[in-house]
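Working notes, structure below.
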Amino acid sequence: MPERQNALTSLLLRSSGIIFFLILWEASSRLRWIDPYFLPRFSVVVAEIGRLIQDGSLISNLAISSARAIGGLLIACLVGLPLGFIFGRWFPTAAEALDPLLRIMSQVNPFLVLMASTLILGFGETTKFLVIAWVSVWPLLFYTITAVRSVDPLLIKTARSMGISESGLLQQILIPASLPTIFTGLRISAGITFFILVAVEMLNASSGLGYFEHNSAMNFEIAGMYAAATVIVLLGFLLNRFLIALERSLFAWRAPADFLLGSVHTDKKRVLWRPGRFATATAAVMILLLLISGSFEIQRVNSERASMLSGENPGKHARHLGSEVGK
Amino acid sequence: MTFSGSHSSPWRIPFMKIIAVVLVAVAWELFPKLGILTSNTFPPLSKALATIFSDHVFAKHAVTSIGRAYGGLTVAILAGLPLGLLLGGWFYRLQQALEPLMELFGQANPVILSHIVVLFFGIGTGTQLFVISWLSIWPIAFSAINGVRSVDPQILKMAASLGLGRWRLFTSIILPSAAPAIITGVRLSAGYAFIMLIAAELMGATTGLGYVMATSSETGDMNGLAAAALIITVLALLTDLLLKQAGKRIVVWRYQGVVT
């Protein structure tokens, strides 16, 4: 079976880089090329991840971070998608006129939004949702406008000549035709969101994966710090891979458009599975459950932290903003 | 990239674009003054501008920040471009082996890694440069790989049959064909560099616009915050515009913009 053998060697080749990197990590610590205090062995970090999963702190912070990411993305979708359709379909001139203004606003630094909203709204969850929504709304909006505007005019004309209503046009032509491009925007948004979320949690939060990593570093729990960092990097990688695979299987007729944020464009990918209605519904329910359980976890942790702050023991460390790294 | 569409008349759209930006600037100026927004939290535009020009400290911090951002971007280009060109052009198997690792590295958040990098480099320029440049390396490398890989093989064959050497093939065929993709990657990277600049300066610096933001938000100096915000946004915007124009000038035959 030459094809299967081919697939196996290609898999081996493609994973060889990562395997080599992990071996290098393990070896450089084991053979004391780098002080093992600064760089714990990879096996130690894996064991630490296992321990953190068992004592529940990793799962709890994971749920909190995902709830924040999903909530922020949902807000961005609720704002960006309708606006994109309205601008793209009904007010194209306005979209063009507002283009420079929107570009300027999209260039506003997310950390700036974080500081400003912290000053105005305080350290609460609203600030985090706002920053995440701010970051993720721009790709969604721009891609939606572009998607709606680049729907084949022949399709629209044909549907019109068959006497379709405006809502029918939206449902049957515009939305299906622009979905692939919108999904690319959503994928880019999700990627950036995860980045910024972790950074925001590190600078300004008392829960979540970013906070957990930061807190371990502040307390010189080096293995815990590496464990959290590894989980975060792995999650980002898997999220990116998952969304690319989903895009490929959902919109198989279309060549992958965007390579910049992730991987190298490779053609000739066979689509093994296409999600149907059932899979989509299951995914939606799971995302919703994650959002709900995460928000309960946020509430629990926040109230716990508040009672800790008001009591005798004021938490592990209270100050985040402006505090120097590594101290 | 603009949303190209039917134009009613050639001058109307550019005029409206300017009007839209001016309107928002006027709103920023008037809303706090009329009391629609409280001027304690939203200082008017003129006040932010006055703060910038009244205090020489801002110019100094801005120059420091520009130096850091462009330094980080330069490091990213110097690391990412040769990597991408080599992997895309000559070492196909190595590219296959390294690509997932590079993807993993591209997902590694420099803010998170900064704790680890600090253990090795200490607090200072090394860590700052790392945080700023790390994220920018990968879009450049990936776009260079894709650019090189998408060179039309017909042209390559023709050039080779006309007797072009390896170096000439690279400089006069591969590099120009890959240029549009590379410039797109560099534009994306420049955006990342400016985002991460502020993160780096917020975390551990005693100079730069991010430091100004941190101190003015701690003391509740909204004028200082607004001034720093204005400078940073304008700098990021100008850099993007500059790269866009450079791209148009270098790649006159086929300019592809990113949508974002």
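As shown in the structure tokens, the chain order sets the letters A, B, ...; within each chain, residues go from 1, and ligands are also counted from 1 in the order they appear.
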
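Shell of Val198 of chain A at 8 Å, with only C-alpha atoms counted and residues fewer than 2 places along the chain excluded, is Ser65, Phe194, Phe195, Ile196, Val200, Glu201, Met202, Gly208, Leu209, Gly210 and Tyr211 of chain A; Ile112 of chain B.
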
Filtering to C-alpha atoms, could you give me those residues as a PDB file, in the first residue's frame?
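Output saved as out00.pdb:
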ATOM      1  CA  SER A  65     -10.588  31.822  29.919  1.00  0.00           C
ATOM      2  CA  PHE A 194      -6.884  34.181  22.296  1.00  0.00           C
ATOM      3  CA  PHE A 195      -3.601  36.058  22.143  1.00  0.00           C
ATOM      4  CA  ILE A 196      -4.948  39.256  23.614  1.00  0.00           C
ATOM      5  CA  VAL A 200      -5.008  40.847  29.334  1.00  0.00           C
ATOM      6  CA  GLU A 201      -5.455  38.184  31.997  1.00  0.00           C
ATOM      7  CA  MET A 202      -1.800  38.460  32.802  1.00  0.00           C
ATOM      8  CA  GLY A 208      -7.797  32.640  33.931  1.00  0.00           C
ATOM      9  CA  LEU A 209      -4.894  30.923  32.219  1.00  0.00           C
ATOM     10  CA  GLY A 210      -2.898  34.117  31.722  1.00  0.00           C
ATOM     11  CA  TYR A 211      -3.249  34.997  35.398  1.00  0.00           C
TER      12      TYR A 211
ATOM     13  CA  ILE B 112       3.473  34.675  28.305  1.00  0.00           C
TER      14      ILE B 112
END

Using only C-alpha atoms, select each residue of chain B with any atom at most 6 Å away from an atom of chain A, and give the selection as a PyMOL selection string. chain B and resi 13+16-17+21+96-98+101+104+107-108+111+139+195+203-204+233+260

Go ahead and save the picked residues with C-alpha atoms, as a JSON list (two decimals), in the first residue's frame.
[["chain", "number", "residue", "atom", "x", "y", "z"],
["B", 13, "ILE", "CA", -15.96, 59.41, -2.05],
["B", 16, "MET", "CA", -16.68, 61.93, 2.27],
["B", 17, "LYS", "CA", -13.79, 59.91, 3.68],
["B", 21, "VAL", "CA", -12.64, 61.46, 9.99],
["B", 96, "GLN", "CA", 8.00, 19.99, 5.85],
["B", 97, "ALA", "CA", 9.75, 19.07, 9.09],
["B", 98, "LEU", "CA", 9.89, 22.57, 10.53],
["B", 101, "LEU", "CA", 7.10, 23.64, 14.82],
["B", 104, "LEU", "CA", 3.56, 26.20, 17.21],
["B", 107, "GLN", "CA", 1.07, 30.56, 18.45],
["B", 108, "ALA", "CA", 3.41, 31.15, 21.38],
["B", 111, "VAL", "CA", 3.66, 38.10, 26.72],
["B", 139, "PRO", "CA", 3.91, 36.01, 9.28],
["B", 195, "ILE", "CA", 0.67, 45.92, 19.65],
["B", 203, "MET", "CA", 5.38, 45.12, 31.68],
["B", 204, "GLY", "CA", 8.80, 46.40, 32.50],
["B", 233, "THR", "CA", -2.27, 55.27, 17.12],
["B", 260, "THR", "CA", -7.72, 43.64, 7.61]]

Leaving out Met222 of chain B and any residue of its chain fewer than 6 positions from it, which residues lie within 12 Å of it when counting only C-alpha atoms, given as a ChimeraX atom specification? /A:115-117,119-120 /B:38-45,47-48,51,212-216,228-229

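Shell of Ala178 of chain B at 10 Å, with only C-alpha atoms counted and residues fewer than 3 places along the chain excluded, is Leu85, Ser143, Ala144, Ile145, Asn146, Gly147, Val148, Arg149, Ser150, Val151, Ile173, Ile174, Leu175, Ala181, Ile182, Ile183 and Val251 of chain B.
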
Would you kindly return, as a count of residues only, each protein, DNA or RNA residue with an atom no farther than 10 Å from any atom of Ser60 of chain A, considering only C-alpha atoms and excluding same-chain residues fewer than 5 positions away? 11

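Our summary of the geometry notes that atom CA of Glu304 of chain A is positioned 14.3 Å from atom CA of Gly124 of chain A.
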
Considering only C-alpha atoms, state which residue in the set A:Ala283, A:Leu243, A:Ala205, A:Leu250 is at the smallest distance from Glu125 of chain A. A:Ala205

Per-residue DSSP, segment 47-232 of chain A, filtered to alpha helix (DSSP H), as a PyMOL selection string: chain A and resi 47-54+57-85+92-106+110-121+125-149+153-161+166-169+175-203+209-218+222-232
